[in-house]
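Source file: my_file_16.pdb. Holds: PDB, C-alpha atoms.
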MODEL        1
ATOM      1  CA  MET A   1      -8.569   5.068   5.806  1.00  0.00           C
ATOM      2  CA  ALA A   2     -10.813   3.730   8.567  1.00  0.00           C
ATOM      3  CA  LEU A   3     -11.331   0.725  10.766  1.00  0.00           C
ATOM      4  CA  ASP A   4     -14.485  -1.178   9.932  1.00  0.00           C
ATOM      5  CA  GLU A   5     -15.903  -4.682   9.684  1.00  0.00           C
ATOM      6  CA  PRO A   6     -15.493  -6.350   6.263  1.00  0.00           C
ATOM      7  CA  ASN A   7     -18.633  -6.813   4.178  1.00  0.00           C
ATOM      8  CA  ASP A   8     -19.544  -8.770   1.040  1.00  0.00           C
ATOM      9  CA  GLU A   9     -18.508  -5.922  -1.284  1.00  0.00           C
ATOM     10  CA  ASP A  10     -14.956  -5.638   0.121  1.00  0.00           C
ATOM     11  CA  LYS A  11     -11.819  -7.190  -1.345  1.00  0.00           C
ATOM     12  CA  VAL A  12      -9.694  -9.045   1.237  1.00  0.00           C
ATOM     13  CA  PHE A  13      -5.940  -9.526   0.752  1.00  0.00           C
ATOM     14  CA  ASP A  14      -4.447 -12.156   3.074  1.00  0.00           C
ATOM     15  CA  GLN A  15      -0.803 -11.285   3.775  1.00  0.00           C
ATOM     16  CA  GLY A  16       0.343 -13.919   6.247  1.00  0.00           C
ATOM     17  CA  LEU A  17      -0.301 -12.548   9.733  1.00  0.00           C
ATOM     18  CA  PHE A  18      -2.364  -9.645   8.387  1.00  0.00           C
ATOM     19  CA  LYS A  19      -5.501  -9.234   6.337  1.00  0.00           C
ATOM     20  CA  VAL A  20      -5.972  -6.022   4.396  1.00  0.00           C
ATOM     21  CA  VAL A  21      -9.576  -5.138   3.567  1.00  0.00           C
ATOM     22  CA  VAL A  22     -10.317  -2.607   0.822  1.00  0.00           C
ATOM     23  CA  ASN A  23     -13.667  -1.203  -0.224  1.00  0.00           C
ATOM     24  CA  ALA A  24     -14.234  -2.614  -3.729  1.00  0.00           C
ATOM     25  CA  GLN A  25     -15.453   0.751  -5.042  1.00  0.00           C
ATOM     26  CA  GLU A  26     -12.181   2.408  -3.971  1.00  0.00           C
ATOM     27  CA  LEU A  27      -9.898  -0.382  -5.179  1.00  0.00           C
ATOM     28  CA  GLU A  28      -9.272   1.036  -8.663  1.00  0.00           C
ATOM     29  CA  ASN A  29      -8.640   4.526  -7.227  1.00  0.00           C
ATOM     30  CA  ILE A  30      -5.776   3.561  -4.910  1.00  0.00           C
ATOM     31  CA  GLY A  31      -3.420   1.696  -7.256  1.00  0.00           C
ATOM     32  CA  GLU A  32      -0.649  -0.395  -5.731  1.00  0.00           C
ATOM     33  CA  VAL A  33      -0.106   0.124  -2.016  1.00  0.00           C
ATOM     34  CA  GLU A  34       2.916  -0.477   0.197  1.00  0.00           C
ATOM     35  CA  ILE A  35       2.302  -0.909   3.934  1.00  0.00           C
ATOM     36  CA  ASP A  36       5.352  -0.558   6.155  1.00  0.00           C
ATOM     37  CA  PHE A  37       5.811  -0.705   9.935  1.00  0.00           C
ATOM     38  CA  LYS A  38       8.375   1.661  11.398  1.00  0.00           C
ATOM     39  CA  ASP A  39       9.699   1.628  14.945  1.00  0.00           C
ATOM     40  CA  SER A  40      11.946   4.515  15.978  1.00  0.00           C
ATOM     41  CA  ARG A  41      12.753   6.651  18.980  1.00  0.00           C
ATOM     42  CA  PHE A  42      10.002   9.027  17.845  1.00  0.00           C
ATOM     43  CA  GLY A  43       7.334   6.306  17.951  1.00  0.00           C
ATOM     44  CA  SER A  44       6.063   3.402  15.931  1.00  0.00           C
ATOM     45  CA  GLY A  45       3.269   2.750  13.496  1.00  0.00           C
ATOM     46  CA  PHE A  46       2.221   1.830   9.998  1.00  0.00           C
ATOM     47  CA  THR A  47       2.825   3.922   6.907  1.00  0.00           C
ATOM     48  CA  VAL A  48       0.606   3.364   3.865  1.00  0.00           C
ATOM     49  CA  ARG A  49       2.035   4.573   0.552  1.00  0.00           C
ATOM     50  CA  SER A  50       0.107   4.550  -2.734  1.00  0.00           C
ATOM     51  CA  THR A  51       1.680   4.424  -6.190  1.00  0.00           C
ATOM     52  CA  TYR A  52      -0.259   7.634  -6.800  1.00  0.00           C
ATOM     53  CA  GLY A  53       2.046   9.391  -4.335  1.00  0.00           C
ATOM     54  CA  SER A  54      -0.055  10.056  -1.225  1.00  0.00           C
ATOM     55  CA  THR A  55       0.629   8.545   2.198  1.00  0.00           C
ATOM     56  CA  CYS A  56      -1.220   7.866   5.426  1.00  0.00           C
ATOM     57  CA  SER A  57       0.454   7.131   8.738  1.00  0.00           C
TER      58      SER A  57
ENDMDL
END
Show me this structure written as structure tokens.
Amino acid sequence: MALDEPNDEDKVFDQGLFKVVVNAQELENIGEVEIDFKDSRFGSGFTVRSTYGSTCS
């Protein structure tokens, strides 16, 4: 996962206040994705969970 500018080959998913940009070549490799924001006493941030079982936070 990285921050980058979208390009013509990317797929853009508009989710209300957020836009999620995915490299088109990687799209079939990631499956369904759930993005969640958590705020706790230990900190806050996004968690990205794939249907394939891996996570990034």
Residues returned when the PyMOL selection byres ((chain A and resi 23) around 10) runs on this file, as a PyMOL selection string: chain A and resi 6-12+21-22+24-28
Expansion of the PyMOL selection byres ((chain A and resi 52) around 9) into residues, as a VMD selection string: chain A and resid 29 to 33 49 to 51 53 to 54
Residue members of the PyMOL selection byres ((chain A and resi 36) around 7) in the file shown, as a VMD selection string: chain A and resid 34 to 35 37 to 38 46 to 48
Centre and edges of the segment 21-38 of chain A box, axis-aligned, 8 Å extra per side, as JSON:
{"center_x": -3.5, "center_y": -0.3, "center_z": 1.4, "size_x": 39.8, "size_y": 25.7, "size_z": 36.1}
